[in-house]
Amino acid sequence: MENPVKVFKFGGASVKDVESIKHLENILSSFREDSIVMVISAIGKTTNALEEVVHAHAQQTGNAIEKLEAIKQYHYQIAEALCGVDEELFASINDTFVEIDWVLEEDPEENFDYMYDQIVSVGELLSTRIVAAFLKKMDFPIEWMDARDIIRTDNIYREGWVQWDETVNKARKVMLPILESGKWIVSQGFIGSTSENFTTTLGREGSDYTAAIFAYCIGAESVTIWKDVPGVLNADPRYFENALLLNQISYREAIELAFYGASVIHPKTLQPLQ
Ligand code: ADP
Ligand code: ASP
Ligand code: MG
């Protein structure tokens, strides 16, 4: 089954600040007639900042709350710059942070990886709330979706393994009716949940993988990973000035590139697409 649905993934760099998020409007304007699922990463380097909160709490260094405060301010500023004082958006951001406030009020969890996922997953929940609110304001037909209601994993925190049968069923049941009603879906990369509804993450840089998971589950026609480069190059342009654009590569070559560390695509992404 192939659905004429396009899956677009925007990484942290593509939503790193107010200007970058505004730029999404330009990109998406050419697709107003299409059916789109958007997968979005945490804003800029938020995941790294949240990792610092986790370490500070685990080691009881005393500054976890202060570190979280800086992340809160940053997100509220971006939200306000994009949407003004949008009470619904502010309430959703606040509710998202409250979950971490509770974790930080308690002694650190013995299971570090579990605690890590409960805290770090918030980056994607926040970015999607903000981007969804902004795009709605720009008159795109947006529905925010919690990826944890779709992507079911095992209990391996920080490297959740997708339970495919359940994930496919949930994706079809929830996502297809939204798309059929003419709405676009905005959802989080990187996160899933266990059968007990605890949040898991799929491994660092895992948002590309989420895009591929959704695409596979609903039989989308394509996945586009929007980046700050013109496409897949034959080398990382940060290190090689004359890197060349590859107009086409096979799955096999892409898997090799990713496997040998080309950070442009997460290695797990190719298999569901293939
Ligand atoms: P995201 O915002 O999606 O997380 P990344 O910063 O992880 O994006 O990936 C984009 C970066 O990947 C580019 O800026 C580039 O420096 C790097 N990169 C590494 N290898 C390649 C390659 N083979 N082709 C293109 N870009 C590459
Ligand atoms: N935000 C997560 C990370 O930085 C996932 C991703 O960006 O793909 O690892
Ligand atoms: Mg990234």
# chains A, B, ... in the order shown; residues from 1 in each chain; ligands from 1
$ residues_around --residues "segment 194-211 of chain A" --least-positions-apart "2" --cutoff "9 Å" --atoms "only C-alpha atoms" --output "JSON, numbers by chain"
{"A": [7, 8, 9, 10, 11, 37, 38, 39, 40, 41, 47, 114, 116, 117, 118, 120, 121, 147, 148, 149, 151, 152, 153, 154, 155, 156, 157, 158, 159, 160, 161, 162, 188, 189, 190, 191, 192, 213, 214, 215, 216, 223, 224, 225, 263, 265, 266, 267, 268, 269, 270, 272]}
$ select_by_dssp --residues "segment 37-245 of chain A" --states "strand (DSSP E or B)" --output "PyMOL selection string"
chain A and resi 37-40+142-145+152-153+162+184-188+191-193+199-201+220-226+233+245
$ closest_residue --among "A:Tyr239, A:Tyr260, A:Trp102, A:Trp226" --to "ligand 3" --atoms "only C-alpha atoms and all ligand atoms"
A:Trp226
$ select_by_dssp --residues "segment 9-205 of chain A" --states "helix (DSSP H, G or I)" --output "ChimeraX atom specification"
/A:12-15,18-29,46-58,64-83,87-105,112-120,122-137,147-149,164-180
$ closest_residue --among "A:Thr128, A:Thr61, A:Asn247, A:Ser35" --to "ligand 2" --atoms "only C-alpha atoms and all ligand atoms"
A:Thr128
$ residues_near_ligand --ligand "ligand 1" --cutoff "6 Å" --atoms "only C-alpha atoms and all ligand atoms" --output "PyMOL selection string"
chain A and resi 11-14+227-229+231-238+262-264
$ write_last_selection --atoms "all heavy atoms" --output "compact mmCIF listing (two decimals), in the first residue's frame"
# COMPACT_ATOMS: atom_id res chain seq x y z
N GLY A 11 15.57 18.49 11.58
CA GLY A 11 16.47 18.24 12.72
C GLY A 11 16.64 19.48 13.58
O GLY A 11 16.12 20.56 13.26
N GLY A 12 17.41 19.30 14.65
CA GLY A 12 17.64 20.40 15.60
C GLY A 12 18.13 21.67 14.93
O GLY A 12 17.71 22.78 15.26
N ALA A 13 19.03 21.51 13.95
CA ALA A 13 19.60 22.68 13.28
C ALA A 13 18.54 23.43 12.48
O ALA A 13 18.62 24.65 12.32
CB ALA A 13 20.75 22.25 12.36
N SER A 14 17.53 22.71 11.99
CA SER A 14 16.49 23.35 11.18
C SER A 14 15.46 24.10 12.01
O SER A 14 14.61 24.80 11.47
CB SER A 14 15.74 22.30 10.34
OG SER A 14 16.64 21.56 9.57
N LYS A 227 17.88 19.36 5.74
CA LYS A 227 19.14 19.61 6.44
C LYS A 227 19.71 20.95 6.04
O LYS A 227 19.21 21.60 5.13
CB LYS A 227 20.17 18.54 6.06
CG LYS A 227 19.82 17.14 6.47
CD LYS A 227 20.44 16.79 7.79
CE LYS A 227 20.02 15.41 8.22
NZ LYS A 227 20.48 15.07 9.53
N ASP A 228 20.83 21.30 6.66
CA ASP A 228 21.52 22.54 6.30
C ASP A 228 22.57 22.29 5.21
O ASP A 228 23.51 23.03 5.06
CB ASP A 228 22.18 23.14 7.56
CG ASP A 228 23.11 22.16 8.24
OD1 ASP A 228 23.19 20.99 7.81
OD2 ASP A 228 23.77 22.57 9.21
N VAL A 229 22.44 21.17 4.47
CA VAL A 229 23.32 20.87 3.33
C VAL A 229 22.42 20.58 2.12
O VAL A 229 21.26 20.24 2.30
CB VAL A 229 24.21 19.63 3.63
CG1 VAL A 229 25.40 20.00 4.47
CG2 VAL A 229 23.41 18.51 4.29
N GLY A 231 22.26 18.15 0.20
CA GLY A 231 21.91 16.74 0.02
C GLY A 231 23.01 15.89 0.61
O GLY A 231 23.85 16.40 1.38
N VAL A 232 23.00 14.62 0.25
CA VAL A 232 24.09 13.75 0.72
C VAL A 232 25.32 14.03 -0.15
O VAL A 232 25.24 14.02 -1.37
CB VAL A 232 23.69 12.26 0.63
CG1 VAL A 232 24.85 11.38 1.08
CG2 VAL A 232 22.45 11.98 1.48
N LEU A 233 26.43 14.34 0.51
CA LEU A 233 27.67 14.65 -0.20
C LEU A 233 28.62 13.46 -0.07
O LEU A 233 28.36 12.56 0.75
CB LEU A 233 28.30 15.91 0.42
CG LEU A 233 27.37 17.13 0.54
CD1 LEU A 233 28.03 18.21 1.38
CD2 LEU A 233 27.02 17.68 -0.83
N ASN A 234 29.71 13.49 -0.83
CA ASN A 234 30.63 12.36 -0.72
C ASN A 234 31.57 12.49 0.48
O ASN A 234 32.41 11.63 0.72
CB ASN A 234 31.40 12.14 -2.03
CG ASN A 234 32.35 13.28 -2.32
OD1 ASN A 234 32.27 14.33 -1.68
ND2 ASN A 234 33.24 13.09 -3.27
N ALA A 235 31.43 13.57 1.25
CA ALA A 235 32.22 13.75 2.48
C ALA A 235 31.54 14.84 3.31
O ALA A 235 30.69 15.58 2.80
CB ALA A 235 33.63 14.19 2.13
N ASP A 236 31.90 14.90 4.59
CA ASP A 236 31.32 15.92 5.47
C ASP A 236 31.93 17.28 5.11
O ASP A 236 33.13 17.49 5.23
CB ASP A 236 31.64 15.56 6.92
CG ASP A 236 30.92 16.48 7.90
OD1 ASP A 236 30.55 17.61 7.51
OD2 ASP A 236 30.72 16.07 9.06
N PRO A 237 31.08 18.24 4.66
CA PRO A 237 31.61 19.54 4.21
C PRO A 237 32.26 20.35 5.33
O PRO A 237 32.97 21.31 5.07
CB PRO A 237 30.37 20.25 3.67
CG PRO A 237 29.21 19.60 4.33
CD PRO A 237 29.61 18.18 4.57
N ARG A 238 32.03 19.94 6.59
CA ARG A 238 32.71 20.65 7.68
C ARG A 238 34.21 20.37 7.64
O ARG A 238 35.01 21.15 8.13
CB ARG A 238 32.16 20.19 9.04
CG ARG A 238 30.88 20.90 9.44
CD ARG A 238 30.34 20.34 10.72
NE ARG A 238 30.02 18.91 10.59
CZ ARG A 238 29.32 18.22 11.47
NH1 ARG A 238 28.88 18.82 12.56
NH2 ARG A 238 29.06 16.95 11.29
N ALA A 262 28.87 8.75 8.69
CA ALA A 262 28.45 10.02 8.09
C ALA A 262 27.24 10.49 8.90
O ALA A 262 26.18 9.88 8.85
CB ALA A 262 28.07 9.84 6.63
N SER A 263 27.42 11.57 9.65
CA SER A 263 26.37 11.96 10.60
C SER A 263 25.15 12.52 9.90
O SER A 263 24.18 12.91 10.53
CB SER A 263 26.93 12.98 11.59
OG SER A 263 27.38 14.10 10.87
N VAL A 264 25.17 12.58 8.56
CA VAL A 264 24.05 13.17 7.84
C VAL A 264 22.80 12.29 7.94
O VAL A 264 21.68 12.77 7.80
CB VAL A 264 24.43 13.47 6.37
CG1 VAL A 264 24.55 12.22 5.53
CG2 VAL A 264 23.47 14.45 5.75
$ atom_distance --atom1 "atom CA of Gln59 of chain A" --atom2 "atom CA of Glu106 of chain A"
13.1 Å
$ residues_around --residues "Gly182 of chain A" --least-positions-apart "6" --cutoff "12 Å" --atoms "only C-alpha atoms" --output "mmCIF file with all heavy atoms, in the first residue's frame"
data_model
loop_
_atom_site.group_PDB
_atom_site.id
_atom_site.type_symbol
_atom_site.label_atom_id
_atom_site.label_comp_id
_atom_site.auth_asym_id
_atom_site.auth_seq_id
_atom_site.Cartn_x
_atom_site.Cartn_y
_atom_site.Cartn_z
ATOM 1 N N VAL A 5 1.476 10.281 0.915
ATOM 2 C CA VAL A 5 1.823 11.097 2.083
ATOM 3 C C VAL A 5 3.323 11.318 2.065
ATOM 4 O O VAL A 5 4.093 10.392 1.814
ATOM 5 C CB VAL A 5 1.444 10.353 3.393
ATOM 6 C CG1 VAL A 5 1.892 11.148 4.614
ATOM 7 C CG2 VAL A 5 -0.050 10.085 3.448
ATOM 8 N N ARG A 32 1.348 23.073 0.048
ATOM 9 C CA ARG A 32 0.008 23.242 0.640
ATOM 10 C C ARG A 32 -1.008 22.236 0.127
ATOM 11 O O ARG A 32 -1.959 21.905 0.827
ATOM 12 C CB ARG A 32 -0.495 24.678 0.438
ATOM 13 C CG ARG A 32 0.197 25.667 1.385
ATOM 14 C CD ARG A 32 -0.689 26.868 1.694
ATOM 15 N NE ARG A 32 0.014 27.862 2.490
ATOM 16 C CZ ARG A 32 -0.249 28.113 3.772
ATOM 17 N NH1 ARG A 32 -1.191 27.459 4.413
ATOM 18 N NH2 ARG A 32 0.433 29.038 4.427
ATOM 19 N N GLU A 33 -0.794 21.736 -1.096
ATOM 20 C CA GLU A 33 -1.759 20.774 -1.663
ATOM 21 C C GLU A 33 -1.478 19.338 -1.218
ATOM 22 O O GLU A 33 -2.219 18.429 -1.528
ATOM 23 C CB GLU A 33 -1.707 20.816 -3.206
ATOM 24 C CG GLU A 33 -1.993 22.181 -3.823
ATOM 25 C CD GLU A 33 -3.300 22.771 -3.335
ATOM 26 O OE1 GLU A 33 -4.294 22.027 -3.318
ATOM 27 O OE2 GLU A 33 -3.314 23.955 -2.937
ATOM 28 N N ASP A 34 -0.365 19.134 -0.504
ATOM 29 C CA ASP A 34 0.046 17.764 -0.167
ATOM 30 C C ASP A 34 -0.427 17.332 1.212
ATOM 31 O O ASP A 34 -0.923 18.118 2.009
ATOM 32 C CB ASP A 34 1.582 17.676 -0.201
ATOM 33 C CG ASP A 34 2.110 17.720 -1.615
ATOM 34 O OD1 ASP A 34 1.939 16.731 -2.329
ATOM 35 O OD2 ASP A 34 2.675 18.767 -1.985
ATOM 36 N N SER A 35 -0.226 16.036 1.448
ATOM 37 C CA SER A 35 -0.534 15.464 2.752
ATOM 38 C C SER A 35 0.808 15.215 3.446
ATOM 39 O O SER A 35 1.659 14.501 2.913
ATOM 40 C CB SER A 35 -1.261 14.144 2.468
ATOM 41 O OG SER A 35 -1.767 13.608 3.620
ATOM 42 N N ILE A 36 1.015 15.851 4.599
ATOM 43 C CA ILE A 36 2.358 15.872 5.192
ATOM 44 C C ILE A 36 2.354 15.373 6.643
ATOM 45 O O ILE A 36 1.485 15.737 7.433
ATOM 46 C CB ILE A 36 2.919 17.328 5.219
ATOM 47 C CG1 ILE A 36 2.847 18.005 3.848
ATOM 48 C CG2 ILE A 36 4.319 17.381 5.817
ATOM 49 C CD1 ILE A 36 3.942 17.672 2.885
ATOM 50 N N VAL A 37 3.366 14.573 6.956
ATOM 51 C CA VAL A 37 3.661 14.233 8.356
ATOM 52 C C VAL A 37 5.010 14.876 8.671
ATOM 53 O O VAL A 37 5.985 14.622 7.964
ATOM 54 C CB VAL A 37 3.773 12.707 8.564
ATOM 55 C CG1 VAL A 37 4.240 12.387 9.985
ATOM 56 C CG2 VAL A 37 2.443 12.016 8.272
ATOM 57 N N PHE A 140 -1.611 26.634 8.455
ATOM 58 C CA PHE A 140 -1.433 25.260 7.990
ATOM 59 C C PHE A 140 -2.368 24.388 8.835
ATOM 60 O O PHE A 140 -2.591 24.670 10.020
ATOM 61 C CB PHE A 140 0.026 24.807 8.169
ATOM 62 C CG PHE A 140 0.980 25.480 7.224
ATOM 63 C CD1 PHE A 140 1.732 26.577 7.631
ATOM 64 C CD2 PHE A 140 1.115 25.028 5.922
ATOM 65 C CE1 PHE A 140 2.612 27.209 6.761
ATOM 66 C CE2 PHE A 140 1.989 25.657 5.033
ATOM 67 C CZ PHE A 140 2.741 26.744 5.459
ATOM 68 N N PRO A 141 -2.920 23.321 8.223
ATOM 69 C CA PRO A 141 -3.897 22.492 8.938
ATOM 70 C C PRO A 141 -3.210 21.477 9.864
ATOM 71 O O PRO A 141 -3.103 20.300 9.540
ATOM 72 C CB PRO A 141 -4.630 21.780 7.795
ATOM 73 C CG PRO A 141 -3.599 21.674 6.715
ATOM 74 C CD PRO A 141 -2.686 22.847 6.843
ATOM 75 N N ILE A 142 -2.739 21.944 11.004
ATOM 76 C CA ILE A 142 -1.843 21.131 11.830
ATOM 77 C C ILE A 142 -2.563 20.387 12.941
ATOM 78 O O ILE A 142 -3.398 20.950 13.651
ATOM 79 C CB ILE A 142 -0.794 22.059 12.506
ATOM 80 C CG1 ILE A 142 0.031 22.800 11.465
ATOM 81 C CG2 ILE A 142 0.083 21.266 13.473
ATOM 82 C CD1 ILE A 142 0.898 21.952 10.584
ATOM 83 N N GLU A 143 -2.191 19.123 13.132
ATOM 84 C CA GLU A 143 -2.596 18.404 14.340
ATOM 85 C C GLU A 143 -1.339 17.872 15.031
ATOM 86 O O GLU A 143 -0.544 17.159 14.430
ATOM 87 C CB GLU A 143 -3.558 17.259 13.989
ATOM 88 C CG GLU A 143 -3.979 16.506 15.231
ATOM 89 C CD GLU A 143 -5.432 16.055 15.219
ATOM 90 O OE1 GLU A 143 -6.260 16.649 14.488
ATOM 91 O OE2 GLU A 143 -5.713 15.105 15.963
ATOM 92 N N MET A 175 -2.975 7.680 12.675
ATOM 93 C CA MET A 175 -2.469 8.670 11.717
ATOM 94 C C MET A 175 -3.323 8.763 10.443
ATOM 95 O O MET A 175 -3.568 9.864 9.946
ATOM 96 C CB MET A 175 -1.010 8.351 11.357
ATOM 97 C CG MET A 175 -0.088 8.454 12.561
ATOM 98 S SD MET A 175 1.596 7.897 12.229
ATOM 99 C CE MET A 175 2.253 9.276 11.286
ATOM 100 N N LEU A 176 -3.757 7.620 9.938
ATOM 101 C CA LEU A 176 -4.475 7.672 8.656
ATOM 102 C C LEU A 176 -5.762 8.503 8.736
ATOM 103 O O LEU A 176 -6.003 9.342 7.856
ATOM 104 C CB LEU A 176 -4.727 6.258 8.118
ATOM 105 C CG LEU A 176 -3.446 5.500 7.707
ATOM 106 C CD1 LEU A 176 -3.778 4.096 7.195
ATOM 107 C CD2 LEU A 176 -2.642 6.268 6.643
#
$ closest_residue --among "A:Lys137, A:His57, A:Lys45, A:Lys72" --to "Lys22 of chain A" --atoms "only C-alpha atoms"
A:Lys137
